[in-house]
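K.L.:
run-v2.txt is reproduced below (compact mmCIF, C-alpha atoms and all ligand atoms).
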```
# COMPACT_ATOMS: atom_id res chain seq x y z
CA MET A 1 0.00 0.00 0.00
CA TRP A 2 1.47 3.35 -1.02
CA LEU A 3 0.74 6.46 0.90
CA GLY A 4 1.89 9.16 -1.36
CA VAL A 5 4.05 10.55 -4.06
CA ALA A 6 6.61 13.24 -3.42
CA HIS A 7 8.05 15.53 -6.02
CA LEU A 8 11.37 17.17 -5.30
CA GLN A 9 12.87 19.90 -7.40
CA ASP A 10 16.61 20.44 -7.24
CA CYS A 11 18.21 23.84 -7.70
CA ASP A 12 19.75 22.76 -11.02
CA GLY A 13 16.30 22.10 -12.48
CA SER A 14 16.39 18.30 -12.17
CA SER A 15 13.44 16.72 -10.41
CA LEU A 16 12.98 13.57 -8.41
CA THR A 17 9.65 11.76 -8.04
CA GLY A 18 9.26 9.12 -5.33
CA MET A 19 6.56 6.82 -3.99
CA PHE A 20 6.74 6.34 -0.27
CA PRO A 21 5.33 3.25 1.47
CA ASP A 22 2.86 3.09 4.29
CA CYS A 23 4.66 2.95 7.62
CA HIS A 24 2.46 0.15 8.96
CA PRO A 25 4.75 -2.70 10.07
CA LEU A 26 2.81 -5.27 8.04
CA SER A 27 2.72 -3.36 4.81
CA PRO A 28 5.17 -4.78 2.27
CA PRO A 29 7.64 -3.77 1.04
CA HIS A 30 9.48 -1.18 3.08
CA THR A 31 11.30 0.31 0.18
CA ILE A 32 11.18 3.57 -1.60
CA LEU A 33 10.60 3.40 -5.31
CA LEU A 34 12.07 6.33 -7.09
CA SER A 35 11.58 7.39 -10.61
CA LEU A 36 13.87 10.06 -11.87
CA THR A 37 12.75 12.65 -14.32
CA LEU A 38 15.20 15.22 -15.55
CA SER A 39 14.57 18.55 -17.15
CA SER A 40 17.67 17.93 -19.24
CA LYS A 41 19.86 14.83 -19.50
CA GLU A 42 22.97 16.89 -18.81
CA ALA A 43 21.63 17.85 -15.39
CA LEU A 44 22.51 14.41 -14.07
CA VAL A 45 25.30 13.26 -16.32
CA LYS A 46 28.61 14.60 -15.08
CA ARG A 47 31.27 13.80 -17.60
CA ILE A 48 34.38 12.68 -15.81
CA LYS A 49 37.67 12.86 -17.61
CA ALA A 50 40.67 11.09 -16.14
CA ILE A 51 44.30 10.75 -17.09
CA TYR A 52 46.31 7.57 -16.73
CA PRO A 53 49.91 8.79 -16.53
CA GLY A 54 52.95 6.56 -16.71
CA SER A 55 56.17 5.62 -18.46
CA PHE A 56 54.73 2.65 -20.40
CA ASP A 57 58.18 1.42 -21.44
CA PRO A 58 56.77 -0.81 -22.82
CA PRO A 59 53.00 -0.98 -22.24
CA THR A 60 51.98 -4.39 -20.87
CA ASN A 61 48.80 -6.43 -20.57
CA GLY A 62 48.57 -5.09 -17.02
CA HIS A 63 48.37 -1.53 -18.39
CA LEU A 64 45.76 -2.63 -20.93
CA ASP A 65 43.72 -4.31 -18.20
CA LEU A 66 43.72 -1.08 -16.21
CA ILE A 67 42.78 0.99 -19.28
CA GLU A 68 39.80 -1.37 -19.84
CA ARG A 69 38.70 -0.93 -16.24
CA GLY A 70 39.18 2.85 -16.37
CA ASN A 71 37.23 3.01 -19.61
CA LYS A 72 34.26 1.45 -17.80
CA ILE A 73 34.03 4.10 -15.11
CA PHE A 74 35.29 7.29 -16.73
CA ASP A 75 33.63 9.09 -19.62
CA GLU A 76 36.99 9.97 -21.06
CA LEU A 77 40.39 8.51 -20.34
CA VAL A 78 43.69 9.93 -21.58
CA VAL A 79 46.66 7.59 -21.41
CA ALA A 80 49.46 10.09 -20.81
CA ILE A 81 53.05 9.08 -21.50
CA LEU A 82 55.64 11.02 -19.52
CA ARG A 83 58.39 12.52 -21.68
CA ASN A 84 61.25 12.20 -19.24
CA PRO A 85 64.60 13.43 -20.60
CA GLU A 86 66.42 12.02 -17.56
CA LYS A 87 65.44 8.43 -18.26
CA ASP A 88 67.04 6.27 -20.89
CA PRO A 89 64.01 4.34 -22.13
CA LEU A 90 64.04 1.22 -24.29
CA PHE A 91 61.34 2.67 -26.54
CA SER A 92 61.07 6.22 -27.82
CA VAL A 93 58.01 8.22 -26.81
CA ALA A 94 56.79 7.98 -30.43
CA ASP A 95 57.05 4.17 -30.34
CA ARG A 96 55.24 3.95 -27.03
CA ARG A 97 52.52 6.25 -28.30
CA LYS A 98 52.06 4.11 -31.42
CA MET A 99 51.85 0.90 -29.38
CA LEU A 100 49.32 2.40 -26.96
CA GLU A 101 47.25 3.82 -29.80
CA THR A 102 47.10 0.41 -31.44
CA MET A 103 46.23 -1.29 -28.14
CA THR A 104 43.41 1.15 -27.38
CA ALA A 105 42.02 1.55 -30.89
CA ASN A 106 38.81 -0.29 -29.89
CA PHE A 107 37.97 2.09 -27.08
CA ASP A 108 36.01 5.13 -28.24
CA ASN A 109 36.68 7.19 -25.14
CA VAL A 110 40.35 6.46 -24.69
CA SER A 111 43.05 8.63 -26.24
CA VAL A 112 46.82 8.70 -25.97
CA ASP A 113 48.93 11.78 -25.32
CA THR A 114 52.37 12.73 -24.05
CA PHE A 115 53.36 15.27 -21.44
CA ASP A 116 56.28 16.64 -19.49
CA GLY A 117 56.46 18.53 -16.23
CA LEU A 118 54.10 17.89 -13.37
CA THR A 119 51.29 15.39 -13.84
CA VAL A 120 48.87 17.68 -11.99
CA ASP A 121 49.65 20.57 -14.34
CA TYR A 122 49.00 18.35 -17.32
CA ALA A 123 45.75 17.12 -15.77
CA LEU A 124 44.57 20.71 -15.33
CA ARG A 125 45.57 21.62 -18.89
CA VAL A 126 43.40 18.85 -20.32
CA GLU A 127 40.61 19.52 -17.79
CA ALA A 128 40.81 16.10 -16.18
CA ARG A 129 39.33 15.62 -12.72
CA ALA A 130 41.04 12.39 -11.78
CA ILE A 131 44.34 10.57 -12.04
CA LEU A 132 44.07 6.83 -12.55
CA ARG A 133 46.83 4.63 -11.15
CA GLY A 134 47.13 0.88 -10.77
CA ILE A 135 48.03 -0.94 -7.59
CA ARG A 136 49.19 -4.49 -8.15
CA ALA A 137 50.27 -5.40 -4.65
CA ILE A 138 50.84 -3.88 -1.23
CA SER A 139 54.40 -3.11 -2.31
CA ASP A 140 53.05 -0.56 -4.81
CA TYR A 141 50.89 1.10 -2.23
CA GLU A 142 53.46 3.10 -0.30
CA TYR A 143 54.91 4.79 -3.38
CA GLU A 144 51.50 5.35 -4.94
CA LEU A 145 50.09 6.79 -1.71
CA GLN A 146 53.03 9.17 -1.43
CA MET A 147 52.57 10.29 -5.01
CA ALA A 148 48.79 10.66 -4.63
CA LEU A 149 49.17 12.74 -1.48
CA MET A 150 51.81 14.96 -3.07
CA ASN A 151 49.56 15.43 -6.09
CA ARG A 152 46.69 16.30 -3.77
CA LYS A 153 48.89 18.83 -1.96
CA LEU A 154 49.80 20.39 -5.31
CA GLN A 155 46.27 20.31 -6.66
CA PRO A 156 43.57 19.60 -4.04
CA GLY A 157 40.76 19.50 -6.59
CA LEU A 158 42.23 16.53 -8.42
CA GLU A 159 41.44 13.02 -7.17
CA THR A 160 43.63 9.96 -7.56
CA VAL A 161 41.69 6.79 -8.26
CA PHE A 162 43.43 3.47 -7.65
CA MET A 163 42.32 0.38 -9.50
CA MET A 164 43.63 -3.17 -9.31
CA PRO A 165 44.52 -5.02 -12.46
CA ALA A 166 43.52 -8.69 -12.75
CA GLU A 167 45.40 -10.94 -10.31
CA LYS A 168 47.10 -12.71 -13.20
CA TYR A 169 48.99 -9.47 -13.89
CA SER A 170 49.93 -8.73 -10.28
CA TYR A 171 53.58 -9.67 -10.85
CA LEU A 172 53.86 -7.93 -14.21
CA SER A 173 55.93 -4.80 -14.75
CA SER A 174 57.49 -3.05 -17.74
CA ARG A 175 60.92 -3.46 -16.15
CA LEU A 176 60.54 -7.25 -15.89
CA VAL A 177 59.15 -7.49 -19.41
CA ARG A 178 62.20 -5.58 -20.74
CA GLU A 179 64.57 -7.78 -18.78
CA VAL A 180 62.95 -11.10 -19.73
CA ALA A 181 62.73 -10.09 -23.40
CA GLN A 182 66.32 -8.86 -23.51
CA LEU A 183 67.54 -12.10 -21.96
CA GLY A 184 65.64 -14.22 -24.46
CA GLY A 185 62.74 -15.34 -22.25
CA SER A 186 59.18 -15.67 -23.48
CA ILE A 187 56.95 -12.66 -23.01
CA ASP A 188 53.90 -14.36 -24.53
CA CYS A 189 50.71 -13.41 -22.71
CA LEU A 190 52.51 -10.59 -20.89
CA VAL A 191 52.23 -7.92 -23.57
CA PRO A 192 49.85 -7.22 -26.45
CA GLU A 193 50.88 -8.58 -29.86
CA ILE A 194 52.04 -5.18 -31.16
CA VAL A 195 54.36 -4.76 -28.16
CA GLY A 196 55.75 -8.28 -28.50
CA GLN A 197 56.49 -7.57 -32.14
CA LYS A 198 58.26 -4.27 -31.35
CA LEU A 199 60.25 -5.92 -28.56
CA ARG A 200 61.38 -8.70 -30.88
CA GLU A 201 62.43 -6.11 -33.49
CA LYS A 202 64.43 -4.18 -30.87
CA ILE A 203 66.13 -7.29 -29.61
CA ASP A 204 66.96 -8.54 -33.11
CA VAL A 205 68.59 -5.19 -33.86
CA ALA A 206 70.52 -5.33 -30.57
CA HIS A 207 71.75 -8.83 -31.43
CA LYS A 208 72.80 -7.75 -34.89
CA PHE A 209 74.79 -4.74 -33.72
CA GLY A 210 75.73 -5.46 -30.13
CA GLY A 211 75.81 -9.23 -29.83
CA PRO A 212 73.40 -11.22 -27.69
CA PRO A 213 72.31 -9.65 -24.40
CA ALA A 214 74.81 -10.29 -21.62
CA THR A 215 73.99 -13.03 -19.14
CA SER A 216 76.97 -12.83 -16.80
CA GLU A 217 79.31 -10.22 -15.39
CA ALA A 218 82.13 -11.35 -17.65
CA GLU A 219 79.90 -11.11 -20.70
CA THR A 220 78.66 -7.66 -19.62
CA LYS A 221 82.26 -6.48 -19.36
CA ALA A 222 83.10 -7.90 -22.76
CA LYS A 223 80.02 -6.30 -24.29
CA ASN A 224 80.80 -2.89 -22.75
CA GLN A 225 84.37 -3.19 -24.04
CA ARG A 226 83.11 -3.95 -27.57
CA GLN A 227 80.74 -0.98 -27.42
CA LYS A 228 83.51 1.35 -26.21
CA GLN A 229 85.75 0.30 -29.10
CA ARG A 230 82.96 0.87 -31.58
CA ARG A 231 82.34 4.37 -30.18
CA ARG A 232 86.03 5.37 -30.37
CA PRO A 233 86.66 7.74 -33.32
CA LYS A 234 88.70 6.17 -36.09
O1 LIG A 301 54.79 4.32 -14.92
P1 LIG A 301 55.47 5.07 -13.83
O2 LIG A 301 56.94 5.24 -14.17
O3 LIG A 301 55.26 4.44 -12.48
O4 LIG A 301 54.82 6.52 -13.79
C1 LIG A 301 55.24 7.48 -12.87
C2 LIG A 301 54.66 8.85 -13.20
C3 LIG A 301 54.94 9.24 -14.62
C4 LIG A 301 53.17 8.81 -12.99
C5 LIG A 301 55.29 9.86 -12.19
O5 LIG A 301 56.68 9.73 -12.24
C6 LIG A 301 54.91 11.29 -12.51
O6 LIG A 301 53.80 11.69 -12.26
N1 LIG A 301 55.88 12.06 -13.08
C7 LIG A 301 55.65 13.41 -13.54
C8 LIG A 301 56.35 14.43 -12.66
C9 LIG A 301 55.54 14.68 -11.41
O7 LIG A 301 54.39 15.09 -11.46
N2 LIG A 301 56.17 14.42 -10.26
C10 LIG A 301 55.52 14.53 -8.98
C11 LIG A 301 54.75 13.27 -8.69
S1 LIG A 301 54.10 13.32 -7.07
```
Would you put the structure from the file into structure tokens?
P.N.:
Amino acid sequence: MWLGVAHLQDCDGSSLTGMFPDCHPLSPPHTILLSLTLSSKEALVKRIKAIYPGSFDPPTNGHLDLIERGNKIFDELVVAILRNPEKDPLFSVADRRKMLETMTANFDNVSVDTFDGLTVDYALRVEARAILRGIRAISDYEYELQMALMNRKLQPGLETVFMMPAEKYSYLSSRLVREVAQLGGSIDCLVPEIVGQKLREKIDVAHKFGGPPATSEAETKAKNQRQKQRRRPK
């Protein structure tokens, strides 16, 4: 048995209509049924844009998993590759961008961009309201928390959202993928096809010009020696 209908008008013009149940203890069910009518669709829909910053050297299946999850909850997601002149990456920013663009081609609301400087400044420039970061294990948490709190100090209006990739990727990192690939291990199922292909190309080139990747200290020394000799002017 329903006692009445209430009509609430919000200050932004949206309205809420609800049916409220009888308060008699025997009257089923004790729930409130609400039907929402909006003066305009935009009144309720807040478009949330987020950035997913990182090095992505190279992008892995763990990154892709997080992008898929982010794509489900944000209206727009920008995968933002940091251009860091201090790092000596395996892949150029252009290569990483290409790989990420290929990996995310099926997602309408995901784009890829590059940035330098502070992440929060970039987020403001592109009018993002959230920073998406992945946490694979407790070991990630301390660093991520520190970064999130610093970002909040720098820009209090910006929220960091942590998401967990699938458990099967909890051990996966770009650093390990680089290392395993360079030492000849299989990276199947760890990276998307396009990344595997690019890694194989890189490693083939390295083998051609620098010999196989070193596996021991003695080999590392020998390799460094060979490289030094090659660099010496004739
Ligand atoms: O994939 P990564 O290497 O873990 O990503 C780290 C990244 C790029 C998110 C972080 O180093 C960063 O935000 N760098 C930009 C410079 C900056 O804003 N520094 C202050 C962070 S609190």
K.L.:
Suppose you want the space between atom CA of A:Val78 and atom CA of A:Leu124; what is it in Å?
P.N.:
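Atom CA of A:Leu124 lies at a distance of 12.5 Å from atom CA of A:Val78.
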K.L.:
Please write out the residues within 12 Å of ligand LIG 301 (chain A) as a ChimeraX atom specification, counting all atoms listed in the file.
P.N.:
/A:51-60,62-63,79-87,89,114-124,131-136,140-141,143-155,160,173-175
K.L.:
Report, in Å with one decimal, the straight-line distance from atom CA of A:Gly70 to atom CA of A:Ser186.
P.N.:
28.2 Å
K.L.:
Tell me, in Å to one decimal, how far atom CA of A:Arg200 is from atom CA of A:Val180.
P.N.:
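Going from atom CA of A:Arg200 over to atom CA of A:Val180, I get 11.5 Å.
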K.L.:
Which polymer residues have any atom within 12 Å of an atom of A:Glu68, counting only C-alpha atoms, with same-chain residues fewer than 2 positions away left out, as a VMD selection string?
P.N.:
chain A and resid 52 61 to 66 70 to 74 76 to 77 79 103 to 110 132 134 163 to 166
